[in-house]
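These notes concern the structure reproduced below.
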Amino acid sequence: SENALKYYDEVLKQDPENQNLNNIGAIFGIAETLRMLGRYEDALKYYFLIVDLPKSLKIDFNFGIAEALHMLGKSENALKYYDAFLNQD
């Protein structure tokens with residue numbers, strides 16, 4: 001919901017350099033919320049902010065990326081993220 005987006009935005013404002021692990025959860029929360037609201041392009045922007053994090057810090061975002069790409073009609077790209085989700089360690 002829009003209220004969730006406001007909450008996550010407040011968390012991000014507390015650490016604009018994104019050094020805090022809470023920000024990872026907030027970024028993921030924004031991505032998930034936007035995806036659930038059908039704002040797939042916006043959701044992908046947030047998912048891709050956490051793509052380059054070290055594996056130990058990652059939240060599994062592959063399913064969300066896959067779903068957003070699928071809903072945008074980008075099924076071929078979506079398949080690689082579904083595969084990554086299914087084959088994670």
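Every chain in the structure tokens takes a letter, A first, then B, and so on in the order presented; its residues are numbered from 1, and the ligands are numbered from 1 following the presented order.
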### Task
Run DSSP on the backbone and grab whatever in chain A lands in alpha helix (DSSP H); send it over as number ranges by chain.
A: 2-13, 21-36, 40-49, 62-71, 75-86
Please identify all polymer residues within 10 Å of Phe63 of chain A, counting only C-alpha atoms, omitting same-chain residues fewer than 2 positions from it, and present them as a short mmCIF file (atom, residue, chain, number, x, y, z; two decimals) with all heavy atoms, in the first residue's frame.
data_model
loop_
_atom_site.label_atom_id
_atom_site.label_comp_id
_atom_site.auth_asym_id
_atom_site.auth_seq_id
_atom_site.Cartn_x
_atom_site.Cartn_y
_atom_site.Cartn_z
N GLU A 32 8.86 -5.04 -3.33
CA GLU A 32 7.73 -5.96 -3.20
C GLU A 32 6.39 -5.23 -3.21
O GLU A 32 5.44 -5.67 -3.85
CB GLU A 32 7.86 -6.77 -1.90
CG GLU A 32 8.94 -7.81 -1.94
CD GLU A 32 8.54 -9.00 -2.80
OE1 GLU A 32 7.75 -9.84 -2.34
OE2 GLU A 32 9.02 -9.08 -3.94
N ASP A 60 16.40 -12.83 -0.89
CA ASP A 60 16.11 -13.42 -2.20
C ASP A 60 15.08 -12.57 -2.92
O ASP A 60 13.92 -12.55 -2.58
CB ASP A 60 15.64 -14.85 -2.07
CG ASP A 60 15.50 -15.49 -3.43
OD1 ASP A 60 16.04 -14.94 -4.40
OD2 ASP A 60 14.86 -16.54 -3.52
N PHE A 61 15.56 -11.86 -3.91
CA PHE A 61 14.73 -10.97 -4.69
C PHE A 61 14.43 -11.54 -6.07
O PHE A 61 13.69 -10.95 -6.84
CB PHE A 61 15.42 -9.61 -4.84
CG PHE A 61 16.81 -9.74 -5.41
CD1 PHE A 61 16.99 -9.79 -6.78
CD2 PHE A 61 17.89 -9.87 -4.58
CE1 PHE A 61 18.26 -9.96 -7.29
CE2 PHE A 61 19.16 -10.04 -5.10
CZ PHE A 61 19.35 -10.07 -6.47
N ILE A 65 11.70 -10.18 -9.01
CA ILE A 65 12.13 -9.70 -10.32
C ILE A 65 11.46 -10.52 -11.41
O ILE A 65 10.96 -9.97 -12.40
CB ILE A 65 13.67 -9.77 -10.45
CG1 ILE A 65 14.33 -8.74 -9.53
CG2 ILE A 65 14.11 -9.55 -11.89
CD1 ILE A 65 15.84 -8.83 -9.47
N ALA A 66 11.45 -11.84 -11.24
CA ALA A 66 10.83 -12.71 -12.23
C ALA A 66 9.35 -12.37 -12.43
O ALA A 66 8.87 -12.27 -13.56
CB ALA A 66 11.00 -14.18 -11.81
N GLU A 67 8.65 -12.18 -11.32
CA GLU A 67 7.22 -11.86 -11.42
C GLU A 67 7.00 -10.52 -12.13
O GLU A 67 6.11 -10.40 -12.97
CB GLU A 67 6.60 -11.82 -10.02
CG GLU A 67 6.42 -13.17 -9.40
CD GLU A 67 5.27 -13.93 -10.03
OE1 GLU A 67 4.11 -13.55 -9.85
OE2 GLU A 67 5.55 -14.94 -10.72
N ALA A 68 7.77 -9.52 -11.79
CA ALA A 68 7.62 -8.20 -12.42
C ALA A 68 7.91 -8.28 -13.90
O ALA A 68 7.17 -7.73 -14.73
CB ALA A 68 8.52 -7.17 -11.73
N LEU A 69 9.00 -8.95 -14.28
CA LEU A 69 9.33 -9.09 -15.70
C LEU A 69 8.24 -9.86 -16.44
O LEU A 69 7.86 -9.49 -17.56
CB LEU A 69 10.69 -9.80 -15.86
CG LEU A 69 11.91 -8.97 -15.49
CD1 LEU A 69 13.14 -9.86 -15.42
CD2 LEU A 69 12.12 -7.83 -16.48
N ALA A 78 12.36 -13.16 -17.57
CA ALA A 78 11.80 -13.65 -16.32
C ALA A 78 12.27 -15.07 -16.01
O ALA A 78 12.54 -15.41 -14.85
CB ALA A 78 10.27 -13.61 -16.36
N LEU A 79 12.40 -15.89 -17.04
CA LEU A 79 12.79 -17.29 -16.82
C LEU A 79 14.13 -17.43 -16.13
O LEU A 79 14.30 -18.29 -15.27
CB LEU A 79 12.82 -18.04 -18.16
CG LEU A 79 11.46 -18.38 -18.74
CD1 LEU A 79 11.62 -19.01 -20.12
CD2 LEU A 79 10.69 -19.30 -17.81
N TYR A 81 15.41 -15.44 -13.93
CA TYR A 81 15.25 -15.12 -12.51
C TYR A 81 14.44 -16.18 -11.78
O TYR A 81 14.71 -16.48 -10.62
CB TYR A 81 14.64 -13.72 -12.34
CG TYR A 81 15.64 -12.65 -12.70
CD1 TYR A 81 15.62 -12.05 -13.95
CD2 TYR A 81 16.61 -12.27 -11.79
CE1 TYR A 81 16.56 -11.08 -14.29
CE2 TYR A 81 17.55 -11.30 -12.11
CZ TYR A 81 17.52 -10.72 -13.37
OH TYR A 81 18.46 -9.78 -13.69
N TYR A 82 13.44 -16.78 -12.45
CA TYR A 82 12.74 -17.91 -11.84
C TYR A 82 13.73 -19.05 -11.60
O TYR A 82 13.73 -19.69 -10.56
CB TYR A 82 11.60 -18.41 -12.73
CG TYR A 82 10.34 -17.59 -12.70
CD1 TYR A 82 9.79 -17.08 -13.88
CD2 TYR A 82 9.68 -17.33 -11.50
CE1 TYR A 82 8.62 -16.34 -13.86
CE2 TYR A 82 8.50 -16.59 -11.47
CZ TYR A 82 7.98 -16.10 -12.66
OH TYR A 82 6.82 -15.37 -12.64
N ASP A 83 14.60 -19.29 -12.59
CA ASP A 83 15.60 -20.34 -12.47
C ASP A 83 16.55 -20.07 -11.31
O ASP A 83 16.86 -20.96 -10.52
CB ASP A 83 16.37 -20.48 -13.78
CG ASP A 83 17.31 -21.67 -13.77
OD1 ASP A 83 16.84 -22.79 -13.51
OD2 ASP A 83 18.52 -21.47 -14.02
N ALA A 84 17.02 -18.83 -11.19
CA ALA A 84 17.91 -18.46 -10.08
C ALA A 84 17.22 -18.65 -8.74
O ALA A 84 17.83 -19.10 -7.77
CB ALA A 84 18.38 -17.02 -10.24
N PHE A 85 15.93 -18.32 -8.67
CA PHE A 85 15.16 -18.49 -7.44
C PHE A 85 15.07 -19.97 -7.07
O PHE A 85 15.28 -20.36 -5.92
CB PHE A 85 13.77 -17.90 -7.60
CG PHE A 85 12.85 -18.18 -6.46
CD1 PHE A 85 13.01 -17.52 -5.25
CD2 PHE A 85 11.82 -19.10 -6.57
CE1 PHE A 85 12.17 -17.78 -4.17
CE2 PHE A 85 10.97 -19.35 -5.51
CZ PHE A 85 11.15 -18.70 -4.30
N LEU A 86 14.81 -20.80 -8.04
CA LEU A 86 14.64 -22.24 -7.80
C LEU A 86 15.95 -22.95 -7.50
O LEU A 86 15.96 -23.98 -6.85
CB LEU A 86 13.94 -22.90 -8.99
CG LEU A 86 12.50 -22.48 -9.21
CD1 LEU A 86 11.99 -23.05 -10.52
CD2 LEU A 86 11.62 -22.92 -8.05
#
### Message
From the options A:Ile24, A:Ile50, A:Met71, A:Val11, which residue's atoms come nearest to Leu37 of chain A, counting only C-alpha atoms?
### Response
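Closest residue, counting only C-alpha atoms: A:Met71.
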